[in-house]
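Asker: Contents of work-v8.cif (mmCIF, N, CA and C atoms):
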```cif
data_model
loop_
_atom_site.group_PDB
_atom_site.id
_atom_site.type_symbol
_atom_site.label_atom_id
_atom_site.label_comp_id
_atom_site.auth_asym_id
_atom_site.auth_seq_id
_atom_site.Cartn_x
_atom_site.Cartn_y
_atom_site.Cartn_z
ATOM 1 N N MET A 1 14.956 -5.009 45.121
ATOM 2 C CA MET A 1 13.756 -5.107 44.320
ATOM 3 C C MET A 1 13.889 -4.309 43.020
ATOM 4 N N MET A 2 14.451 -3.108 43.110
ATOM 5 C CA MET A 2 14.617 -2.257 41.934
ATOM 6 C C MET A 2 15.604 -2.877 40.950
ATOM 7 N N THR A 3 16.622 -3.562 41.434
ATOM 8 C CA THR A 3 17.603 -4.204 40.570
ATOM 9 C C THR A 3 16.960 -5.327 39.765
ATOM 10 N N ILE A 4 16.107 -6.099 40.374
ATOM 11 C CA ILE A 4 15.420 -7.184 39.668
ATOM 12 C C ILE A 4 14.530 -6.610 38.566
ATOM 13 N N LEU A 5 13.860 -5.506 38.833
ATOM 14 C CA LEU A 5 13.018 -4.859 37.830
ATOM 15 C C LEU A 5 13.851 -4.362 36.658
ATOM 16 N N LYS A 6 14.994 -3.742 36.945
ATOM 17 C CA LYS A 6 15.871 -3.245 35.882
ATOM 18 C C LYS A 6 16.405 -4.392 35.032
ATOM 19 N N ILE A 7 16.806 -5.468 35.674
ATOM 20 C CA ILE A 7 17.320 -6.626 34.942
ATOM 21 C C ILE A 7 16.216 -7.247 34.089
ATOM 22 N N SER A 8 15.015 -7.322 34.612
ATOM 23 C CA SER A 8 13.883 -7.874 33.865
ATOM 24 C C SER A 8 13.566 -7.033 32.631
ATOM 25 N N LEU A 9 13.585 -5.719 32.804
ATOM 26 C CA LEU A 9 13.335 -4.832 31.671
ATOM 27 C C LEU A 9 14.433 -4.953 30.618
ATOM 28 N N LEU A 10 15.664 -5.035 31.043
ATOM 29 C CA LEU A 10 16.779 -5.201 30.117
ATOM 30 C C LEU A 10 16.655 -6.508 29.353
ATOM 31 N N PHE A 11 16.304 -7.583 30.038
ATOM 32 C CA PHE A 11 16.125 -8.879 29.403
ATOM 33 C C PHE A 11 14.991 -8.826 28.378
ATOM 34 N N LEU A 12 13.898 -8.164 28.725
ATOM 35 C CA LEU A 12 12.768 -8.023 27.820
ATOM 36 C C LEU A 12 13.163 -7.240 26.566
ATOM 37 N N MET A 13 13.911 -6.173 26.734
ATOM 38 C CA MET A 13 14.367 -5.376 25.593
ATOM 39 C C MET A 13 15.283 -6.189 24.689
ATOM 40 N N LEU A 14 16.167 -6.969 25.266
ATOM 41 C CA LEU A 14 17.056 -7.809 24.471
ATOM 42 C C LEU A 14 16.281 -8.863 23.689
ATOM 43 N N CYS A 15 15.279 -9.454 24.315
ATOM 44 C CA CYS A 15 14.445 -10.451 23.623
ATOM 45 C C CYS A 15 13.718 -9.815 22.442
ATOM 46 N N CYS A 16 13.192 -8.624 22.634
ATOM 47 C CA CYS A 16 12.503 -7.934 21.543
ATOM 48 C C CYS A 16 13.461 -7.609 20.403
ATOM 49 N N ALA A 17 14.648 -7.155 20.728
ATOM 50 C CA ALA A 17 15.646 -6.838 19.705
ATOM 51 C C ALA A 17 16.047 -8.085 18.925
ATOM 52 N N MET A 18 16.216 -9.195 19.611
ATOM 53 C CA MET A 18 16.575 -10.442 18.945
ATOM 54 C C MET A 18 15.441 -10.912 18.042
ATOM 55 N N GLN A 19 14.214 -10.737 18.466
ATOM 56 C CA GLN A 19 13.071 -11.144 17.660
ATOM 57 C C GLN A 19 13.000 -10.338 16.376
ATOM 58 N N LEU A 20 13.240 -9.042 16.449
ATOM 59 C CA LEU A 20 13.200 -8.199 15.263
ATOM 60 C C LEU A 20 14.286 -8.567 14.264
ATOM 61 N N THR A 21 15.494 -8.855 14.751
ATOM 62 C CA THR A 21 16.587 -9.165 13.835
ATOM 63 C C THR A 21 16.472 -10.553 13.244
ATOM 64 N N SER A 22 15.804 -11.479 13.913
ATOM 65 C CA SER A 22 15.702 -12.841 13.402
ATOM 66 C C SER A 22 14.430 -13.080 12.598
ATOM 67 N N ALA A 23 13.562 -12.085 12.507
ATOM 68 C CA ALA A 23 12.280 -12.274 11.829
ATOM 69 C C ALA A 23 12.406 -12.266 10.317
ATOM 70 N N GLY A 24 13.497 -11.779 9.785
ATOM 71 C CA GLY A 24 13.712 -11.833 8.353
ATOM 72 C C GLY A 24 13.444 -10.519 7.655
ATOM 73 N N PRO A 25 13.641 -10.515 6.330
ATOM 74 C CA PRO A 25 13.530 -9.272 5.569
ATOM 75 C C PRO A 25 12.124 -8.695 5.517
ATOM 76 N N LEU A 26 11.107 -9.549 5.535
ATOM 77 C CA LEU A 26 9.745 -9.028 5.482
ATOM 78 C C LEU A 26 9.415 -8.217 6.732
ATOM 79 N N ALA A 27 9.889 -8.672 7.883
ATOM 80 C CA ALA A 27 9.639 -7.936 9.124
ATOM 81 C C ALA A 27 10.372 -6.606 9.122
ATOM 82 N N SER A 28 11.604 -6.585 8.644
ATOM 83 C CA SER A 28 12.331 -5.315 8.626
ATOM 84 C C SER A 28 11.737 -4.372 7.597
ATOM 85 N N GLU A 29 11.221 -4.922 6.476
ATOM 86 C CA GLU A 29 10.552 -4.068 5.496
ATOM 87 C C GLU A 29 9.310 -3.446 6.108
ATOM 88 N N ALA A 30 8.543 -4.241 6.828
ATOM 89 C CA ALA A 30 7.330 -3.728 7.459
ATOM 90 C C ALA A 30 7.650 -2.698 8.534
ATOM 91 N N ALA A 31 8.733 -2.920 9.257
ATOM 92 C CA ALA A 31 9.107 -1.983 10.319
ATOM 93 C C ALA A 31 9.570 -0.655 9.745
ATOM 94 N N ASN A 32 10.221 -0.682 8.568
ATOM 95 C CA ASN A 32 10.761 0.534 7.966
ATOM 96 C C ASN A 32 9.804 1.175 6.968
ATOM 97 N N SER A 33 8.700 0.524 6.685
ATOM 98 C CA SER A 33 7.803 0.986 5.648
ATOM 99 C C SER A 33 6.833 2.036 6.162
ATOM 100 N N LYS A 34 6.391 2.837 5.211
ATOM 101 C CA LYS A 34 5.344 3.810 5.493
ATOM 102 C C LYS A 34 4.102 3.351 4.752
ATOM 103 N N CYS A 35 3.026 3.193 5.449
ATOM 104 C CA CYS A 35 1.750 2.887 4.816
ATOM 105 C C CYS A 35 0.957 4.187 4.730
ATOM 106 N N CYS A 36 0.173 4.300 3.699
ATOM 107 C CA CYS A 36 -0.608 5.519 3.482
ATOM 108 C C CYS A 36 -2.005 5.360 4.056
ATOM 109 N N SER A 37 -2.407 6.313 4.863
ATOM 110 C CA SER A 37 -3.761 6.293 5.400
ATOM 111 C C SER A 37 -4.700 7.100 4.510
ATOM 112 N N LYS A 38 -4.148 8.038 3.755
ATOM 113 C CA LYS A 38 -4.944 8.807 2.794
ATOM 114 C C LYS A 38 -4.032 9.259 1.667
ATOM 115 N N GLU A 39 -4.641 9.505 0.524
ATOM 116 C CA GLU A 39 -3.858 9.951 -0.615
ATOM 117 C C GLU A 39 -4.215 11.392 -0.954
ATOM 118 N N ILE A 40 -3.315 12.023 -1.685
ATOM 119 C CA ILE A 40 -3.561 13.422 -2.055
ATOM 120 C C ILE A 40 -4.581 13.469 -3.187
ATOM 121 N N SER A 41 -5.266 14.594 -3.296
ATOM 122 C CA SER A 41 -6.271 14.765 -4.348
ATOM 123 C C SER A 41 -5.814 15.778 -5.394
ATOM 124 N N PHE A 42 -4.605 16.298 -5.248
ATOM 125 C CA PHE A 42 -4.103 17.295 -6.186
ATOM 126 C C PHE A 42 -2.920 16.736 -6.974
ATOM 127 N N LYS A 43 -2.666 17.341 -8.108
ATOM 128 C CA LYS A 43 -1.560 16.924 -8.966
ATOM 129 C C LYS A 43 -0.311 17.697 -8.555
ATOM 130 N N ILE A 44 0.751 16.972 -8.282
ATOM 131 C CA ILE A 44 2.022 17.586 -7.889
ATOM 132 C C ILE A 44 2.693 18.147 -9.141
ATOM 133 N N PRO A 45 3.252 19.341 -9.083
ATOM 134 C CA PRO A 45 3.997 19.838 -10.246
ATOM 135 C C PRO A 45 5.193 18.914 -10.542
ATOM 136 N N ARG A 46 5.334 18.516 -11.781
ATOM 137 C CA ARG A 46 6.364 17.552 -12.153
ATOM 138 C C ARG A 46 7.769 18.051 -11.805
ATOM 139 N N ARG A 47 8.000 19.339 -11.926
ATOM 140 C CA ARG A 47 9.330 19.890 -11.631
ATOM 141 C C ARG A 47 9.680 19.787 -10.145
ATOM 142 N N ALA A 48 8.675 19.563 -9.298
ATOM 143 C CA ALA A 48 8.905 19.464 -7.853
ATOM 144 C C ALA A 48 9.285 18.053 -7.418
ATOM 145 N N LEU A 49 9.201 17.087 -8.325
ATOM 146 C CA LEU A 49 9.460 15.698 -7.950
ATOM 147 C C LEU A 49 10.943 15.374 -7.933
ATOM 148 N N GLU A 50 11.299 14.566 -6.949
ATOM 149 C CA GLU A 50 12.675 14.095 -6.843
ATOM 150 C C GLU A 50 12.754 12.584 -7.065
ATOM 151 N N SER A 51 11.831 11.851 -6.445
ATOM 152 C CA SER A 51 11.852 10.393 -6.557
ATOM 153 C C SER A 51 10.482 9.842 -6.161
ATOM 154 N N TYR A 52 10.392 8.514 -6.170
ATOM 155 C CA TYR A 52 9.175 7.850 -5.723
ATOM 156 C C TYR A 52 9.543 6.476 -5.185
ATOM 157 N N TYR A 53 8.625 5.890 -4.441
ATOM 158 C CA TYR A 53 8.756 4.507 -4.005
ATOM 159 C C TYR A 53 7.355 3.954 -3.779
ATOM 160 N N TRP A 54 7.264 2.645 -3.721
ATOM 161 C CA TRP A 54 5.994 1.978 -3.460
ATOM 162 C C TRP A 54 5.904 1.666 -1.971
ATOM 163 N N THR A 55 4.691 1.702 -1.444
ATOM 164 C CA THR A 55 4.509 1.272 -0.065
ATOM 165 C C THR A 55 4.727 -0.235 0.005
ATOM 166 N N SER A 56 4.952 -0.716 1.178
ATOM 167 C CA SER A 56 5.245 -2.128 1.400
ATOM 168 C C SER A 56 4.056 -3.010 1.024
ATOM 169 N N SER A 57 4.359 -4.229 0.648
ATOM 170 C CA SER A 57 3.293 -5.193 0.359
ATOM 171 C C SER A 57 2.534 -5.571 1.630
ATOM 172 N N SER A 58 3.083 -5.249 2.779
ATOM 173 C CA SER A 58 2.390 -5.535 4.033
ATOM 174 C C SER A 58 1.360 -4.456 4.389
ATOM 175 N N CYS A 59 1.328 -3.364 3.634
ATOM 176 C CA CYS A 59 0.325 -2.318 3.869
ATOM 177 C C CYS A 59 -1.027 -2.786 3.341
ATOM 178 N N PRO A 60 -2.104 -2.336 3.957
ATOM 179 C CA PRO A 60 -3.427 -2.751 3.505
ATOM 180 C C PRO A 60 -3.731 -2.315 2.064
ATOM 181 N N LEU A 61 -3.255 -1.135 1.672
ATOM 182 C CA LEU A 61 -3.430 -0.630 0.310
ATOM 183 C C LEU A 61 -2.071 -0.212 -0.244
ATOM 184 N N ARG A 62 -1.786 -0.638 -1.474
ATOM 185 C CA ARG A 62 -0.524 -0.236 -2.113
ATOM 186 C C ARG A 62 -0.686 1.163 -2.699
ATOM 187 N N HIS A 63 0.299 1.995 -2.468
ATOM 188 C CA HIS A 63 0.314 3.350 -2.998
ATOM 189 C C HIS A 63 1.691 3.648 -3.567
ATOM 190 N N ILE A 64 1.735 4.643 -4.439
ATOM 191 C CA ILE A 64 2.995 5.223 -4.875
ATOM 192 C C ILE A 64 3.216 6.427 -3.977
ATOM 193 N N VAL A 65 4.430 6.569 -3.474
ATOM 194 C CA VAL A 65 4.750 7.716 -2.635
ATOM 195 C C VAL A 65 5.762 8.562 -3.395
ATOM 196 N N PHE A 66 5.348 9.761 -3.788
ATOM 197 C CA PHE A 66 6.238 10.686 -4.480
ATOM 198 C C PHE A 66 6.952 11.545 -3.449
ATOM 199 N N VAL A 67 8.256 11.708 -3.650
ATOM 200 C CA VAL A 67 9.071 12.544 -2.773
ATOM 201 C C VAL A 67 9.419 13.802 -3.561
ATOM 202 N N THR A 68 9.145 14.951 -2.974
ATOM 203 C CA THR A 68 9.421 16.214 -3.659
ATOM 204 C C THR A 68 10.819 16.715 -3.311
ATOM 205 N N ILE A 69 11.232 17.747 -4.009
ATOM 206 C CA ILE A 69 12.551 18.338 -3.735
ATOM 207 C C ILE A 69 12.610 18.954 -2.340
ATOM 208 N N HIS A 70 11.451 19.168 -1.753
ATOM 209 C CA HIS A 70 11.372 19.703 -0.383
ATOM 210 C C HIS A 70 11.253 18.591 0.653
ATOM 211 N N LYS A 71 11.469 17.339 0.199
ATOM 212 C CA LYS A 71 11.473 16.138 1.057
ATOM 213 C C LYS A 71 10.110 15.821 1.655
ATOM 214 N N LYS A 72 9.049 16.256 0.996
ATOM 215 C CA LYS A 72 7.699 15.891 1.425
ATOM 216 C C LYS A 72 7.304 14.613 0.706
ATOM 217 N N HIS A 73 6.573 13.749 1.391
ATOM 218 C CA HIS A 73 6.130 12.470 0.845
ATOM 219 C C HIS A 73 4.622 12.529 0.636
ATOM 220 N N HIS A 74 4.193 12.265 -0.605
ATOM 221 C CA HIS A 74 2.776 12.334 -0.956
ATOM 222 C C HIS A 74 2.305 10.991 -1.494
ATOM 223 N N CYS A 75 1.257 10.442 -0.910
ATOM 224 C CA CYS A 75 0.693 9.167 -1.328
ATOM 225 C C CYS A 75 -0.290 9.380 -2.475
ATOM 226 N N VAL A 76 -0.164 8.507 -3.485
ATOM 227 C CA VAL A 76 -1.024 8.589 -4.664
ATOM 228 C C VAL A 76 -1.481 7.178 -5.019
ATOM 229 N N LYS A 77 -2.730 7.042 -5.451
ATOM 230 C CA LYS A 77 -3.234 5.738 -5.894
ATOM 231 C C LYS A 77 -2.488 5.324 -7.159
ATOM 232 N N PRO A 78 -2.116 4.063 -7.276
ATOM 233 C CA PRO A 78 -1.346 3.619 -8.441
ATOM 234 C C PRO A 78 -2.121 3.664 -9.760
ATOM 235 N N ASP A 79 -3.447 3.676 -9.724
ATOM 236 C CA ASP A 79 -4.207 3.729 -10.975
ATOM 237 C C ASP A 79 -4.404 5.157 -11.483
ATOM 238 N N ASN A 80 -3.806 6.118 -10.799
ATOM 239 C CA ASN A 80 -3.885 7.515 -11.203
ATOM 240 C C ASN A 80 -3.052 7.713 -12.472
ATOM 241 N N LYS A 81 -3.679 8.249 -13.522
ATOM 242 C CA LYS A 81 -3.011 8.361 -14.823
ATOM 243 C C LYS A 81 -1.773 9.266 -14.764
ATOM 244 N N TRP A 82 -1.873 10.419 -14.105
ATOM 245 C CA TRP A 82 -0.713 11.304 -14.067
ATOM 246 C C TRP A 82 0.414 10.706 -13.244
ATOM 247 N N ALA A 83 0.070 9.868 -12.273
ATOM 248 C CA ALA A 83 1.111 9.222 -11.462
ATOM 249 C C ALA A 83 1.948 8.280 -12.326
ATOM 250 N N GLN A 84 1.307 7.538 -13.204
ATOM 251 C CA GLN A 84 2.033 6.640 -14.105
ATOM 252 C C GLN A 84 2.956 7.427 -15.038
ATOM 253 N N LEU A 85 2.491 8.552 -15.531
ATOM 254 C CA LEU A 85 3.334 9.401 -16.384
ATOM 255 C C LEU A 85 4.534 9.936 -15.612
ATOM 256 N N TYR A 86 4.305 10.315 -14.354
ATOM 257 C CA TYR A 86 5.391 10.831 -13.528
ATOM 258 C C TYR A 86 6.421 9.743 -13.220
ATOM 259 N N ILE A 87 5.955 8.525 -12.983
ATOM 260 C CA ILE A 87 6.883 7.415 -12.736
ATOM 261 C C ILE A 87 7.786 7.216 -13.946
ATOM 262 N N ASN A 88 7.188 7.208 -15.137
ATOM 263 C CA ASN A 88 7.986 7.054 -16.356
ATOM 264 C C ASN A 88 8.996 8.189 -16.500
ATOM 265 N N HIS A 89 8.564 9.404 -16.204
ATOM 266 C CA HIS A 89 9.452 10.565 -16.284
ATOM 267 C C HIS A 89 10.637 10.432 -15.316
ATOM 268 N N ILE A 90 10.363 10.049 -14.080
ATOM 269 C CA ILE A 90 11.423 9.905 -13.079
ATOM 270 C C ILE A 90 12.367 8.759 -13.471
ATOM 271 N N ASP A 91 11.806 7.645 -13.947
ATOM 272 C CA ASP A 91 12.649 6.512 -14.351
ATOM 273 C C ASP A 91 13.580 6.893 -15.505
ATOM 274 N N LYS A 92 13.062 7.638 -16.466
ATOM 275 C CA LYS A 92 13.895 8.080 -17.598
ATOM 276 C C LYS A 92 14.990 9.027 -17.117
ATOM 277 N N LYS A 93 14.627 9.920 -16.202
ATOM 278 C CA LYS A 93 15.600 10.889 -15.672
ATOM 279 C C LYS A 93 16.722 10.163 -14.932
ATOM 280 N N ILE A 94 16.373 9.140 -14.167
ATOM 281 C CA ILE A 94 17.372 8.383 -13.413
ATOM 282 C C ILE A 94 18.278 7.605 -14.353
ATOM 283 N N ASN A 95 17.716 7.042 -15.419
ATOM 284 C CA ASN A 95 18.507 6.267 -16.369
ATOM 285 C C ASN A 95 19.468 7.123 -17.186
ATOM 286 N N LEU A 96 19.174 8.406 -17.313
ATOM 287 C CA LEU A 96 20.054 9.311 -18.048
ATOM 288 C C LEU A 96 21.290 9.707 -17.241
ATOM 289 N N ILE A 97 21.193 9.605 -15.927
ATOM 290 C CA ILE A 97 22.297 10.026 -15.062
ATOM 291 C C ILE A 97 23.383 9.003 -15.046
#
```
So that I can check it, write out the structure of this file as structure tokens.
Answerer:
Amino acid sequence: MMTILKISLLFLMLCCAMQLTSAGPLASEAANSKCCSKEISFKIPRRALESYYWTSSSCPLRHIVFVTIHKKHHCVKPDNKWAQLYINHIDKKINLI
């Protein structure tokens, strides 16, 4: 009886793994994406920024996620004026390298 249960669980796990790999790039993006449940209300010091990325299009709300030199991820609304300035600053810094 225990062997049948183990085999059933193994089969179920394999089916789930196959479904994830065959679902396409949107599914893997959603699986690897971080969605923001809340955004920060403070301005991050520009010198503390390392990079940024956008949340997935599958998230209910799109946010910019700033990554600091301390590897912390902070969600910010995209219409935030200082966030747009920081994006431009980071993009220029990356293009200079």
Asker: Fewer than 5 positions away in the same chain doesn't count, so skip those; otherwise give me all residues within 8 Å of stretch 91-95 of chain A, counting all atoms listed in the file, as a PyMOL selection string.
Answerer: chain A and resi 51-52+85-86
Asker: Using the chain letters and numbers from the file, which residues does the PyMOL selection byres ((chain A and resi 55-65) around 6.5) grab, as JSON, numbers by chain?
Answerer: {"A": [29, 30, 33, 34, 35, 36, 51, 52, 53, 54, 66, 67, 73, 74, 75, 76, 77, 78]}
Asker: One number please: atom N of A:Ile90 to atom C of A:Ile69, in Å, one decimal.
Answerer: 14.9 Å
Asker: Quick one: DSSP strand (DSSP E or B) residues in stretch 23-83 of chain A, as a list in words?
Answerer: Leu49, Glu50, Ser51, Tyr52, Tyr53, Trp54, Ile64, Val65, Phe66, Val67, Thr68, His73, His74, Cys75 and Val76 of chain A
Asker: Using only N, CA and C atoms, which of A:Ile4, A:Ser37, A:Lys43, A:Ala48 sits nearest A:Ala83?
Answerer: A:Lys43
Asker: To one decimal in Å, tell me the separation between atom CA of A:Arg47 and atom C of A:Asp79.
Answerer: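 Between atom CA of A:Arg47 and atom C of A:Asp79 the gap works out to 20.1 Å.
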Asker: Identify which of the residues A:Lys38, A:Ile87, A:Thr3, A:Trp82 lies closest to A:Glu50, counting only C-alpha atoms when measuring atom-to-atom distances.
Answerer: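 With only C-alpha atoms as the atom set, the closest residue is A:Ile87.
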Asker: Report, in Å with one decimal, the straight-line distance from atom CA of A:His89 to atom CA of A:Ile40.
Answerer: 19.5 Å
Asker: Could you work out an axis-aligned box for stretch 71-83 of chain A, taking every atom the file lists and adding 4 Å on each side, and report centre and edge lengths in Å to one decimal, as lines of an AutoDock Vina configuration file?
Answerer:
```
center_x = 3.5
center_y = 10.5
center_z = -6.6
size_x = 23.9
size_y = 21.7
size_z = 24.5
```
